[in-house]
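Structure file structure-v8.pdb; described as PDB, C-alpha atoms.
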ATOM      1  CA  MET A  29     -13.627  13.412   0.767
ATOM      2  CA  ILE A  30     -13.213  10.617   3.326
ATOM      3  CA  ILE A  31     -16.033   9.496   5.599
ATOM      4  CA  ILE A  32     -15.531   8.256   9.170
ATOM      5  CA  THR A  33     -18.522   6.863  11.046
ATOM      6  CA  GLY A  34     -18.315   6.716  14.830
ATOM      7  CA  ALA A  35     -16.078   9.744  14.439
ATOM      8  CA  ALA A  36     -16.688  11.162  17.918
ATOM      9  CA  GLY A  37     -15.801   7.862  19.579
ATOM     10  CA  PHE A  38     -12.507   6.363  20.672
ATOM     11  CA  ILE A  39     -11.117   4.747  17.520
ATOM     12  CA  GLY A  40     -12.983   6.994  15.077
ATOM     13  CA  SER A  41     -11.583  10.203  16.571
ATOM     14  CA  CYS A  42      -8.055   8.739  16.599
ATOM     15  CA  LEU A  43      -8.474   7.946  12.893
ATOM     16  CA  VAL A  44      -9.551  11.553  12.282
ATOM     17  CA  GLY A  45      -6.372  12.655  14.082
ATOM     18  CA  LYS A  46      -4.214  10.339  11.959
ATOM     19  CA  LEU A  47      -5.789  11.569   8.722
ATOM     20  CA  ASN A  48      -5.302  15.204   9.791
ATOM     21  CA  ALA A  49      -1.642  14.462  10.573
ATOM     22  CA  GLU A  50      -1.260  13.098   7.027
ATOM     23  CA  GLY A  51      -2.794  16.227   5.512
ATOM     24  CA  PHE A  52      -6.386  15.056   5.014
ATOM     25  CA  THR A  53      -8.915  17.637   6.166
ATOM     26  CA  ASP A  54     -11.845  17.074   3.753
ATOM     27  CA  LEU A  55     -13.441  14.635   6.182
ATOM     28  CA  VAL A  56     -17.124  13.961   6.835
ATOM     29  CA  LEU A  57     -17.710  12.861  10.412
ATOM     30  CA  VAL A  58     -20.733  10.660  11.140
ATOM     31  CA  ASP A  59     -22.066  10.031  14.662
ATOM     32  CA  ASP A  60     -24.962  11.088  16.870
ATOM     33  CA  PHE A  61     -22.823  13.890  18.430
ATOM     34  CA  SER A  62     -25.070  14.067  21.506
ATOM     35  CA  SER A  63     -22.335  13.411  24.079
ATOM     36  CA  ALA A  64     -20.513  16.509  25.302
ATOM     37  CA  GLU A  65     -17.774  14.265  26.684
ATOM     38  CA  LYS A  66     -17.181  12.647  23.285
ATOM     39  CA  GLN A  67     -17.086  16.065  21.612
ATOM     40  CA  ARG A  68     -13.770  16.657  23.371
ATOM     41  CA  ASN A  69     -12.302  13.899  21.179
ATOM     42  CA  LEU A  70     -12.835  16.191  18.183
ATOM     43  CA  GLU A  71     -11.518  19.468  19.612
ATOM     44  CA  GLY A  72      -8.836  20.960  17.379
ATOM     45  CA  LYS A  73      -9.441  18.507  14.554
ATOM     46  CA  LYS A  74     -10.070  19.622  10.991
ATOM     47  CA  TYR A  75     -13.012  18.351   8.963
ATOM     48  CA  SER A  76     -15.605  19.526   6.440
ATOM     49  CA  LYS A  77     -18.890  18.432   7.917
ATOM     50  CA  GLN A  78     -20.716  16.523  10.628
ATOM     51  CA  VAL A  79     -23.621  14.283   9.588
ATOM     52  CA  HIS A  80     -25.967  12.625  12.078
ATOM     53  CA  ARG A  81     -25.887   8.846  11.774
ATOM     54  CA  ASP A  82     -29.673   8.661  11.306
ATOM     55  CA  VAL A  83     -29.569  10.664   8.058
ATOM     56  CA  PHE A  84     -26.190   9.426   6.834
ATOM     57  CA  ASP A  85     -27.507   6.911   4.282
ATOM     58  CA  SER A  86     -29.621   9.510   2.488
ATOM     59  CA  TRP A  87     -26.773  12.053   2.709
ATOM     60  CA  LEU A  88     -24.354   9.541   1.159
ATOM     61  CA  LYS A  89     -26.721   8.789  -1.696
ATOM     62  CA  GLU A  90     -26.912  12.502  -2.492
ATOM     63  CA  ASN A  91     -23.165  13.169  -2.156
ATOM     64  CA  HIS A  92     -21.530   9.906  -3.228
ATOM     65  CA  ARG A  93     -19.727  11.447  -6.185
ATOM     66  CA  PHE A  94     -17.483  13.437  -3.819
ATOM     67  CA  VAL A  95     -16.532  10.471  -1.630
ATOM     68  CA  GLN A  96     -13.175   8.683  -1.852
ATOM     69  CA  LEU A  97     -13.642   5.982   0.823
ATOM     70  CA  VAL A  98     -15.845   5.120   3.810
ATOM     71  CA  PHE A  99     -14.369   4.069   7.158
ATOM     72  CA  HIS A 100     -17.279   2.549   9.064
ATOM     73  CA  ILE A 101     -15.995   2.507  12.657
ATOM     74  CA  GLY A 102     -19.287   3.366  14.377
ATOM     75  CA  ALA A 103     -21.072   0.589  16.271
ATOM     76  CA  ARG A 104     -22.742  -0.273  19.530
ATOM     77  CA  THR A 105     -19.811  -1.877  21.372
ATOM     78  CA  ASP A 106     -21.225  -2.626  24.828
ATOM     79  CA  THR A 107     -20.455  -6.297  25.510
ATOM     80  CA  THR A 108     -22.707  -6.236  28.589
ATOM     81  CA  GLU A 109     -25.801  -5.248  26.568
ATOM     82  CA  PHE A 110     -27.943  -8.307  25.878
ATOM     83  CA  ASP A 111     -30.837  -6.745  23.935
ATOM     84  CA  LYS A 112     -30.225  -8.270  20.514
ATOM     85  CA  THR A 113     -32.573  -5.798  18.800
ATOM     86  CA  VAL A 114     -30.151  -2.955  19.646
ATOM     87  CA  PHE A 115     -27.315  -4.712  17.840
ATOM     88  CA  ASP A 116     -29.519  -5.762  14.929
ATOM     89  CA  ARG A 117     -30.420  -2.116  14.352
ATOM     90  CA  LEU A 118     -27.120  -0.320  15.013
ATOM     91  CA  ASN A 119     -24.569  -2.930  13.959
ATOM     92  CA  LEU A 120     -25.994  -5.525  11.588
ATOM     93  CA  ASN A 121     -28.738  -3.773   9.579
ATOM     94  CA  TYR A 122     -27.043  -0.356   9.571
ATOM     95  CA  THR A 123     -23.897  -1.896   8.092
ATOM     96  CA  LYS A 124     -25.863  -3.911   5.527
ATOM     97  CA  ALA A 125     -27.526  -0.711   4.299
ATOM     98  CA  LEU A 126     -24.160   1.051   4.076
ATOM     99  CA  TRP A 127     -22.629  -1.887   2.173
ATOM    100  CA  LYS A 128     -25.481  -1.773  -0.371
ATOM    101  CA  THR A 129     -25.054   1.979  -0.865
ATOM    102  CA  CYS A 130     -21.301   1.524  -1.394
ATOM    103  CA  VAL A 131     -22.017  -1.196  -3.967
ATOM    104  CA  GLU A 132     -24.555   1.022  -5.745
ATOM    105  CA  PHE A 133     -22.185   3.952  -6.102
ATOM    106  CA  GLY A 134     -18.815   2.182  -6.377
ATOM    107  CA  LEU A 135     -17.398   3.298  -3.041
ATOM    108  CA  PRO A 136     -14.660   1.393  -1.174
ATOM    109  CA  LEU A 137     -15.583   0.393   2.383
ATOM    110  CA  VAL A 138     -13.460  -0.431   5.425
ATOM    111  CA  TYR A 139     -15.522  -1.526   8.415
ATOM    112  CA  ALA A 140     -14.875  -2.530  12.023
ATOM    113  CA  SER A 141     -15.435  -6.142  12.950
ATOM    114  CA  SER A 142     -14.196  -7.555  16.269
ATOM    115  CA  ALA A 143     -12.166 -10.289  17.926
ATOM    116  CA  ALA A 144     -15.316 -10.856  20.008
ATOM    117  CA  THR A 145     -16.412 -12.962  17.026
ATOM    118  CA  TYR A 146     -13.920 -15.663  18.097
ATOM    119  CA  GLY A 147     -15.753 -16.514  21.331
ATOM    120  CA  LEU A 148     -13.718 -18.863  23.491
ATOM    121  CA  GLY A 149     -11.310 -19.515  20.624
ATOM    122  CA  GLU A 150     -12.510 -23.073  19.975
ATOM    123  CA  TYR A 151     -11.589 -22.654  16.310
ATOM    124  CA  GLY A 152      -8.458 -20.599  16.846
ATOM    125  CA  TYR A 153      -7.835 -16.995  15.800
ATOM    126  CA  SER A 154      -7.320 -17.311  12.063
ATOM    127  CA  ASP A 155      -9.030 -14.774   9.800
ATOM    128  CA  ALA A 156      -9.348 -17.293   6.956
ATOM    129  CA  HIS A 157     -12.786 -16.850   5.416
ATOM    130  CA  GLU A 158     -13.738 -20.519   5.500
ATOM    131  CA  GLY A 159     -13.625 -20.572   9.305
ATOM    132  CA  ILE A 160     -15.873 -17.568   9.898
ATOM    133  CA  PRO A 161     -19.239 -19.414   9.683
ATOM    134  CA  LEU A 162     -18.049 -21.806  12.423
ATOM    135  CA  LEU A 163     -17.331 -19.149  15.061
ATOM    136  CA  LYS A 164     -19.364 -18.992  18.267
ATOM    137  CA  PRO A 165     -19.345 -15.483  19.801
ATOM    138  CA  LEU A 166     -20.168 -15.218  23.506
ATOM    139  CA  ASN A 167     -22.517 -12.219  23.487
ATOM    140  CA  PRO A 168     -24.928 -10.317  21.221
ATOM    141  CA  TYR A 169     -22.239  -7.751  20.361
ATOM    142  CA  GLY A 170     -19.903 -10.456  19.040
ATOM    143  CA  GLU A 171     -22.817 -12.167  17.294
ATOM    144  CA  SER A 172     -23.761  -8.948  15.485
ATOM    145  CA  LYS A 173     -20.210  -8.526  14.203
ATOM    146  CA  ASN A 174     -19.915 -12.149  13.099
ATOM    147  CA  ASP A 175     -23.367 -12.086  11.509
ATOM    148  CA  PHE A 176     -22.282  -9.200   9.327
ATOM    149  CA  ASP A 177     -18.948 -10.834   8.426
ATOM    150  CA  LYS A 178     -20.834 -13.972   7.332
ATOM    151  CA  TRP A 179     -23.365 -11.895   5.381
ATOM    152  CA  ALA A 180     -20.602  -9.938   3.615
ATOM    153  CA  LEU A 181     -18.870 -13.115   2.480
ATOM    154  CA  GLU A 182     -22.142 -14.421   1.025
ATOM    155  CA  GLN A 183     -22.817 -11.362  -1.141
ATOM    156  CA  GLU A 184     -22.721 -11.677  -4.896
ATOM    157  CA  HIS A 185     -22.271  -7.907  -5.189
ATOM    158  CA  ALA A 186     -19.580  -6.201  -3.118
ATOM    159  CA  PRO A 187     -17.765  -2.855  -3.130
ATOM    160  CA  TYR A 188     -14.815  -2.975  -5.556
ATOM    161  CA  PHE A 189     -12.635  -2.868  -2.439
ATOM    162  CA  TRP A 190     -13.765  -3.748   1.055
ATOM    163  CA  ALA A 191     -12.074  -4.817   4.273
ATOM    164  CA  GLY A 192     -13.512  -5.977   7.581
ATOM    165  CA  LEU A 193     -11.052  -5.462  10.444
ATOM    166  CA  LYS A 194     -11.314  -7.715  13.497
ATOM    167  CA  PHE A 195     -10.122  -5.357  16.221
ATOM    168  CA  PHE A 196      -8.607  -7.136  19.224
ATOM    169  CA  ASN A 197      -8.204  -5.434  22.664
ATOM    170  CA  VAL A 198      -7.671  -1.823  21.632
ATOM    171  CA  TYR A 199      -6.325   0.739  24.096
ATOM    172  CA  GLY A 200      -5.086   4.304  23.862
ATOM    173  CA  PRO A 201      -6.004   8.001  23.871
ATOM    174  CA  ASN A 202      -9.571   9.288  23.496
ATOM    175  CA  GLU A 203     -11.315   6.534  25.480
ATOM    176  CA  TYR A 204     -12.042   8.764  28.513
ATOM    177  CA  HIS A 205     -15.807   8.588  27.832
ATOM    178  CA  LYS A 206     -16.124   4.796  27.625
ATOM    179  CA  GLY A 207     -16.775   3.989  31.290
ATOM    180  CA  ARG A 208     -16.854   0.255  32.001
ATOM    181  CA  MET A 209     -16.008  -0.466  28.354
ATOM    182  CA  ALA A 210     -12.688   1.430  28.497
ATOM    183  CA  SER A 211      -9.469  -0.587  28.264
ATOM    184  CA  VAL A 212      -7.876  -2.346  31.221
ATOM    185  CA  ILE A 213      -4.926   0.072  30.963
ATOM    186  CA  PHE A 214      -7.280   3.018  31.444
ATOM    187  CA  HIS A 215      -8.880   1.412  34.512
ATOM    188  CA  ALA A 216      -5.500   0.343  35.922
ATOM    189  CA  PHE A 217      -4.196   3.911  35.639
ATOM    190  CA  LYS A 218      -7.271   5.265  37.430
ATOM    191  CA  GLN A 219      -6.964   2.708  40.228
ATOM    192  CA  VAL A 220      -3.264   3.402  40.788
ATOM    193  CA  LYS A 221      -3.903   7.138  40.836
ATOM    194  CA  GLU A 222      -6.838   6.851  43.255
ATOM    195  CA  LYS A 223      -5.693   4.114  45.641
ATOM    196  CA  GLY A 224      -2.163   3.117  44.728
ATOM    197  CA  SER A 225      -3.070  -0.430  43.669
ATOM    198  CA  VAL A 226      -4.730  -2.387  40.861
ATOM    199  CA  ASN A 227      -7.420  -5.060  40.974
ATOM    200  CA  LEU A 228      -7.171  -7.851  38.408
ATOM    201  CA  PHE A 229      -9.638 -10.659  37.861
ATOM    202  CA  ARG A 230      -8.874 -13.900  39.630
ATOM    203  CA  SER A 231      -8.623 -16.937  37.378
ATOM    204  CA  HIS A 232     -11.540 -19.343  37.618
ATOM    205  CA  ARG A 233      -9.761 -22.001  35.568
ATOM    206  CA  PRO A 234      -7.090 -24.361  36.890
ATOM    207  CA  ASP A 235      -4.944 -24.022  33.761
ATOM    208  CA  TYR A 236      -4.414 -20.269  34.291
ATOM    209  CA  LYS A 237      -2.863 -18.643  37.359
ATOM    210  CA  ASP A 238      -4.365 -15.399  38.688
ATOM    211  CA  GLY A 239      -3.504 -12.497  36.381
ATOM    212  CA  GLU A 240      -1.988 -14.761  33.745
ATOM    213  CA  GLN A 241      -5.019 -14.694  31.480
ATOM    214  CA  LEU A 242      -3.730 -13.677  28.049
ATOM    215  CA  ARG A 243      -5.059 -11.127  25.580
ATOM    216  CA  ASP A 244      -3.843  -9.507  22.398
ATOM    217  CA  PHE A 245      -3.627  -5.819  23.356
ATOM    218  CA  VAL A 246      -3.237  -3.469  20.373
ATOM    219  CA  TYR A 247      -2.365   0.218  20.636
ATOM    220  CA  VAL A 248      -4.843   2.459  18.811
ATOM    221  CA  LYS A 249      -1.985   4.254  17.027
ATOM    222  CA  ASP A 250      -1.091   0.959  15.314
ATOM    223  CA  LEU A 251      -4.715   0.321  14.419
ATOM    224  CA  VAL A 252      -5.124   3.651  12.621
ATOM    225  CA  GLU A 253      -1.834   3.065  10.778
ATOM    226  CA  VAL A 254      -3.406  -0.067   9.266
ATOM    227  CA  CYS A 255      -6.512   1.917   8.299
ATOM    228  CA  TYR A 256      -4.289   4.497   6.624
ATOM    229  CA  PHE A 257      -2.474   1.742   4.722
ATOM    230  CA  LEU A 258      -5.792   0.402   3.411
ATOM    231  CA  LEU A 259      -6.838   3.891   2.268
ATOM    232  CA  HIS A 260      -4.029   3.687  -0.291
ATOM    233  CA  HIS A 261      -3.880  -0.092  -0.847
ATOM    234  CA  ARG A 262      -7.467  -0.756  -1.995
ATOM    235  CA  LYS A 263      -7.009  -4.299  -3.229
ATOM    236  CA  HIS A 264      -7.184  -7.803  -1.735
ATOM    237  CA  SER A 265     -10.665  -7.389  -0.284
ATOM    238  CA  GLY A 266     -11.562  -9.506   2.719
ATOM    239  CA  ILE A 267     -11.646  -9.877   6.477
ATOM    240  CA  TYR A 268      -8.443  -9.239   8.422
ATOM    241  CA  ASN A 269      -7.325  -9.596  12.009
ATOM    242  CA  LEU A 270      -6.052  -6.416  13.577
ATOM    243  CA  GLY A 271      -4.146  -7.087  16.770
ATOM    244  CA  SER A 272      -0.512  -6.925  17.830
ATOM    245  CA  GLY A 273      -0.090 -10.633  17.062
ATOM    246  CA  LYS A 274       1.314 -11.259  20.547
ATOM    247  CA  ALA A 275      -0.749 -12.374  23.554
ATOM    248  CA  ARG A 276       0.307 -10.803  26.854
ATOM    249  CA  SER A 277      -0.867 -11.303  30.413
ATOM    250  CA  PHE A 278      -2.885  -8.906  32.540
ATOM    251  CA  LEU A 279      -0.015  -9.026  35.048
ATOM    252  CA  ASP A 280       2.336  -7.735  32.324
ATOM    253  CA  LEU A 281      -0.151  -4.986  31.578
ATOM    254  CA  ALA A 282      -0.512  -3.933  35.232
ATOM    255  CA  LYS A 283       3.246  -3.963  35.832
ATOM    256  CA  SER A 284       3.805  -1.864  32.686
ATOM    257  CA  THR A 285       1.273   0.678  33.959
ATOM    258  CA  PHE A 286       2.987   0.955  37.354
ATOM    259  CA  ARG A 287       6.374   1.290  35.637
ATOM    260  CA  ALA A 288       5.128   4.094  33.375
ATOM    261  CA  MET A 289       3.786   5.885  36.477
ATOM    262  CA  GLY A 290       7.059   5.417  38.348
ATOM    263  CA  LYS A 291       5.497   3.298  41.089
ATOM    264  CA  GLU A 292       6.073  -0.113  42.627
ATOM    265  CA  PRO A 293       3.416  -2.698  41.640
ATOM    266  CA  GLN A 294       0.611  -3.284  44.151
ATOM    267  CA  ILE A 295      -1.768  -5.877  42.668
ATOM    268  CA  GLN A 296      -4.791  -7.594  44.216
ATOM    269  CA  PHE A 297      -7.096 -10.195  42.696
ATOM    270  CA  VAL A 298     -10.893 -10.074  42.750
ATOM    271  CA  ASP A 299     -13.488 -12.525  41.486
ATOM    272  CA  THR A 300     -14.542 -12.111  37.871
ATOM    273  CA  PRO A 301     -18.110 -10.698  37.968
ATOM    274  CA  ALA A 302     -20.672 -13.476  37.815
ATOM    275  CA  ASP A 303     -22.502 -11.880  34.867
ATOM    276  CA  ILE A 304     -19.480 -12.256  32.573
ATOM    277  CA  ARG A 305     -17.622 -15.191  34.146
ATOM    278  CA  ASP A 306     -18.839 -17.881  31.749
ATOM    279  CA  LYS A 307     -18.269 -15.574  28.767
ATOM    280  CA  TYR A 308     -14.752 -14.508  29.714
ATOM    281  CA  GLN A 309     -11.943 -15.026  27.190
ATOM    282  CA  TYR A 310      -8.789 -16.460  28.802
ATOM    283  CA  PHE A 311      -6.703 -16.252  25.641
ATOM    284  CA  THR A 312      -6.764 -14.222  22.428
ATOM    285  CA  GLU A 313      -3.993 -13.746  19.896
ATOM    286  CA  ALA A 314      -4.396 -12.399  16.381
ATOM    287  CA  ASP A 315      -2.921 -14.412  13.541
ATOM    288  CA  MET A 316      -1.533 -11.477  11.543
ATOM    289  CA  ARG A 317      -0.073 -13.354   8.580
ATOM    290  CA  LYS A 318      -2.898 -12.428   6.206
ATOM    291  CA  LEU A 319      -2.412  -8.670   6.635
ATOM    292  CA  GLN A 320       1.342  -9.094   6.301
ATOM    293  CA  ALA A 321       0.820 -11.088   3.104
ATOM    294  CA  ILE A 322      -0.823  -8.110   1.379
ATOM    295  CA  GLY A 323       2.139  -5.871   2.208
ATOM    296  CA  TYR A 324       1.665  -4.432   5.694
ATOM    297  CA  HIS A 325       4.988  -4.726   7.504
ATOM    298  CA  LYS A 326       5.099  -1.753   9.857
ATOM    299  CA  PRO A 327       6.056  -2.941  13.373
ATOM    300  CA  PHE A 328       3.471  -2.727  16.149
ATOM    301  CA  HIS A 329       4.150  -1.206  19.565
ATOM    302  CA  SER A 330       5.053  -3.750  22.210
ATOM    303  CA  LEU A 331       2.753  -3.708  25.246
ATOM    304  CA  GLU A 332       5.454  -1.891  27.224
ATOM    305  CA  GLU A 333       5.980   0.732  24.507
ATOM    306  CA  GLY A 334       2.271   1.352  24.014
ATOM    307  CA  VAL A 335       1.427   1.564  27.707
ATOM    308  CA  SER A 336       4.346   3.905  28.357
ATOM    309  CA  ASP A 337       3.312   6.289  25.563
ATOM    310  CA  TYR A 338      -0.345   6.184  26.590
ATOM    311  CA  VAL A 339       0.283   6.765  30.295
ATOM    312  CA  ILE A 340       3.019   9.388  30.043
ATOM    313  CA  ASN A 341       1.819  11.422  27.058
ATOM    314  CA  TYR A 342      -1.963  11.137  27.437
ATOM    315  CA  LEU A 343      -3.403   9.775  30.691
ATOM    316  CA  GLN A 344      -1.126  11.712  33.029
ATOM    317  CA  LYS A 345      -1.814  14.911  31.082
ATOM    318  CA  GLY A 346      -5.487  14.315  30.327
ATOM    319  CA  ALA A 347      -4.475  14.790  26.685
ATOM    320  CA  TYR A 348      -6.204  13.701  23.491
ATOM    321  CA  LEU A 349      -4.839  12.333  20.224
TER     322      LEU A 349
END
Show me the file's structure as structure tokens.
Amino acid sequence: MIIITGAAGFIGSCLVGKLNAEGFTDLVLVDDFSSAEKQRNLEGKKYSKQVHRDVFDSWLKENHRFVQLVFHIGARTDTTEFDKTVFDRLNLNYTKALWKTCVEFGLPLVYASSAATYGLGEYGYSDAHEGIPLLKPLNPYGESKNDFDKWALEQEHAPYFWAGLKFFNVYGPNEYHKGRMASVIFHAFKQVKEKGSVNLFRSHRPDYKDGEQLRDFVYVKDLVEVCYFLLHHRKHSGIYNLGSGKARSFLDLAKSTFRAMGKEPQIQFVDTPADIRDKYQYFTEADMRKLQAIGYHKPFHSLEEGVSDYVINYLQKGAYL
């Protein structure tokens, strides 16, 4: 039995799909399951049971002997939410309780951290443990993820195998429900379809031209491949970056979206919203050497490959993974 928290969400449901494709159907899905829109992410998927997130800890304590591994993907991920108590409850304290239960019953744990922990990148993008206490996230979401990473590294008692995965800018199928928090590719596709053009944020720094801000965009299919690798690897516990390892510009992203849709690029620039302007990352790039060092060598999709697959096989068809 494998557990996936956040199973009705974007990444969680894609992980369910990957596990099904590999023949795993004894899956316990954990979420609040209240969103009809998110339920579509689970249509056609095979699993054993749904457990509401509020009763999951007690359920796990009663059923731990059947569990092979816990993928803790569920979290509050809204970077525009500034009520710290929300993140303390749903991200930090919830994950601490799950960690302690996994320690108590000898269960391996893979959990979602975030590249939001790196803030403006003052200390680079290395996942070396000694640098984690120095990081300065830009919002309560990033703080909650970094607070847990720091807490995990301080623990005398840990699951016999655990991994925290710092997800970079993830895009791909099953993010239809995410609204403002959906990937830039998703929003670019919608804009091209509705008005034939794409708006990108203007640069507010002299060292970056408009649209040449750089991010590490990682296709969700690559992300779940890493999760699947860790399901079988179960050694070398620690915190790992999970990005493509290659920073690309928003202009590259927009042009790839137009190309996949068979259209000529029409790109305009708009001011970055004032509420996020001083917390806006102009560069992110995952240092992937640590994951490679433990034996993960599967190639990642290039931005062009990932965008093409996403647009042609999912967005244009309204399809799910």
> Which of these, A:Ser284, A:Ser265, A:Asn202, A:Thr300, has the shortest distance to Val44 in chain A once you count all atoms listed in the file?
Replying inline: A:Asn202
> What residues come out when you apply the PyMOL selection byres ((chain A and resi 100) around 8) to this file, written as a list in words?
Replying inline: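 Against this file, the PyMOL selection byres ((chain A and resi 100) around 8) returns the residues Ile31, Ile32, Thr33, Gly34, Val98, Phe99, Ile101, Gly102, Leu137, Val138, Tyr139 and Ala140 of chain A.
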Suppose a student applies the PyMOL selection byres ((chain A and resi 84-96) around 7) to this structure; what residues should they get, written as a PDB file with C-alpha atoms, in the coordinates of the input?
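Wrote out37.pdb, looks like this:
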ATOM      1  CA  MET A  29     -13.627  13.412   0.767  1.00  0.00           C
ATOM      2  CA  ILE A  30     -13.213  10.617   3.326  1.00  0.00           C
ATOM      3  CA  VAL A  79     -23.621  14.283   9.588  1.00  0.00           C
ATOM      4  CA  HIS A  80     -25.967  12.625  12.078  1.00  0.00           C
ATOM      5  CA  ARG A  81     -25.887   8.846  11.774  1.00  0.00           C
ATOM      6  CA  ASP A  82     -29.673   8.661  11.306  1.00  0.00           C
ATOM      7  CA  VAL A  83     -29.569  10.664   8.058  1.00  0.00           C
ATOM      8  CA  LEU A  97     -13.642   5.982   0.823  1.00  0.00           C
ATOM      9  CA  LEU A 126     -24.160   1.051   4.076  1.00  0.00           C
ATOM     10  CA  PHE A 133     -22.185   3.952  -6.102  1.00  0.00           C
ATOM     11  CA  LEU A 135     -17.398   3.298  -3.041  1.00  0.00           C
TER      12      LEU A 135
END
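The two atoms in question, CA of Gln78 in chain A and CA of Val58 in chain A, are spaced 5.9 Å apart.
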Which residues fall under the PyMOL selection byres ((chain A and resi 285) around 12) in this file, as an mmCIF file with C-alpha atoms, in the coordinates of the input?
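The resulting file, part_10.cif, is reproduced below:
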data_model
loop_
_atom_site.group_PDB
_atom_site.id
_atom_site.type_symbol
_atom_site.label_atom_id
_atom_site.label_comp_id
_atom_site.auth_asym_id
_atom_site.auth_seq_id
_atom_site.Cartn_x
_atom_site.Cartn_y
_atom_site.Cartn_z
ATOM 1 C CA VAL A 212 -7.876 -2.346 31.221
ATOM 2 C CA ILE A 213 -4.926 0.072 30.963
ATOM 3 C CA PHE A 214 -7.280 3.018 31.444
ATOM 4 C CA HIS A 215 -8.880 1.412 34.512
ATOM 5 C CA ALA A 216 -5.500 0.343 35.922
ATOM 6 C CA PHE A 217 -4.196 3.911 35.639
ATOM 7 C CA LYS A 218 -7.271 5.265 37.430
ATOM 8 C CA GLN A 219 -6.964 2.708 40.228
ATOM 9 C CA VAL A 220 -3.264 3.402 40.788
ATOM 10 C CA LYS A 221 -3.903 7.138 40.836
ATOM 11 C CA GLY A 224 -2.163 3.117 44.728
ATOM 12 C CA SER A 225 -3.070 -0.430 43.669
ATOM 13 C CA VAL A 226 -4.730 -2.387 40.861
ATOM 14 C CA PHE A 278 -2.885 -8.906 32.540
ATOM 15 C CA LEU A 279 -0.015 -9.026 35.048
ATOM 16 C CA ASP A 280 2.336 -7.735 32.324
ATOM 17 C CA LEU A 281 -0.151 -4.986 31.578
ATOM 18 C CA ALA A 282 -0.512 -3.933 35.232
ATOM 19 C CA LYS A 283 3.246 -3.963 35.832
ATOM 20 C CA SER A 284 3.805 -1.864 32.686
ATOM 21 C CA PHE A 286 2.987 0.955 37.354
ATOM 22 C CA ARG A 287 6.374 1.290 35.637
ATOM 23 C CA ALA A 288 5.128 4.094 33.375
ATOM 24 C CA MET A 289 3.786 5.885 36.477
ATOM 25 C CA GLY A 290 7.059 5.417 38.348
ATOM 26 C CA LYS A 291 5.497 3.298 41.089
ATOM 27 C CA GLU A 292 6.073 -0.113 42.627
ATOM 28 C CA PRO A 293 3.416 -2.698 41.640
ATOM 29 C CA GLN A 294 0.611 -3.284 44.151
ATOM 30 C CA ILE A 295 -1.768 -5.877 42.668
ATOM 31 C CA LEU A 331 2.753 -3.708 25.246
ATOM 32 C CA GLU A 332 5.454 -1.891 27.224
ATOM 33 C CA GLU A 333 5.980 0.732 24.507
ATOM 34 C CA GLY A 334 2.271 1.352 24.014
ATOM 35 C CA VAL A 335 1.427 1.564 27.707
ATOM 36 C CA SER A 336 4.346 3.905 28.357
ATOM 37 C CA ASP A 337 3.312 6.289 25.563
ATOM 38 C CA TYR A 338 -0.345 6.184 26.590
ATOM 39 C CA VAL A 339 0.283 6.765 30.295
ATOM 40 C CA ILE A 340 3.019 9.388 30.043
ATOM 41 C CA LEU A 343 -3.403 9.775 30.691
ATOM 42 C CA GLN A 344 -1.126 11.712 33.029
#
> Hey, can you check how far CA of Asp54 in chain A sits from CA of Val248 in chain A?
Replying inline: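 Distance between the two atoms: 22.1 Å.
Shortest separation to Arg230 in chain A among A:Ala125, A:Ala186, A:Val298, A:Leu270 occurs at residue A:Val298, atoms counted being only C-alpha atoms.
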> Within 9 Å of Leu251 in chain A, counting all atoms listed in the file, which residues qualify if same-chain residues fewer than 5 places away don't, as a ChimeraX atom specification?
Replying inline: /A:39,43,195,198,246,256,270-271,328
Pull C-alpha atoms from the residues just selected and write them as a PDB file, in the coordinates of the input.
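File part_2.pdb, as written:
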ATOM      1  CA  ILE A  39     -11.117   4.747  17.520  1.00  0.00           C
ATOM      2  CA  LEU A  43      -8.474   7.946  12.893  1.00  0.00           C
ATOM      3  CA  PHE A 195     -10.122  -5.357  16.221  1.00  0.00           C
ATOM      4  CA  VAL A 198      -7.671  -1.823  21.632  1.00  0.00           C
ATOM      5  CA  VAL A 246      -3.237  -3.469  20.373  1.00  0.00           C
ATOM      6  CA  TYR A 256      -4.289   4.497   6.624  1.00  0.00           C
ATOM      7  CA  LEU A 270      -6.052  -6.416  13.577  1.00  0.00           C
ATOM      8  CA  GLY A 271      -4.146  -7.087  16.770  1.00  0.00           C
ATOM      9  CA  PHE A 328       3.471  -2.727  16.149  1.00  0.00           C
TER      10      PHE A 328
END
> Which is closer to Gly192 in chain A than all the others in A:Phe115, A:Tyr268, A:Phe38, A:Tyr204, using only C-alpha atoms?
Replying inline: A:Tyr268
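In this comparison, which uses only C-alpha atoms, the residue of A:Glu222, A:Asp306, A:Glu253, A:Asp60 approaching Gly45 in chain A most closely is A:Glu253.
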> A:Tyr75, A:Leu166, A:Ser63, A:Arg117: which is nearest Gly51 in chain A, counting all atoms listed in the file?
Replying inline: A:Tyr75
> Leaving out Lys66 in chain A and any residue of its chain fewer than 6 positions from it, which residues lie within 7 Å of it when counting all atoms listed in the file, given as a PyMOL selection string?
Replying inline: chain A and resi 36-37+205
> Contacts of Ala156 in chain A at 12 Å or less, counting only C-alpha atoms, minus same-chain residues fewer than 4 places along, as an MDAnalysis selection string?
Replying inline: chainID A and resid 151:152 160:163 177:178 181 194 266:269 314:319
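Between Val131 in chain A and the residues A:Tyr342, A:Phe61, A:Tyr188, A:Trp179, the shortest atom-to-atom distance, using only C-alpha atoms, involves A:Tyr188.
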>> Just want the 12 Å neighbourhood of Tyr169 in chain A, counted on all atoms listed in the file, with same-chain residues fewer than 4 positions away dropped. Output as a PyMOL selection string.
In response: chain A and resi 103-120+141-147+164-165+173-176
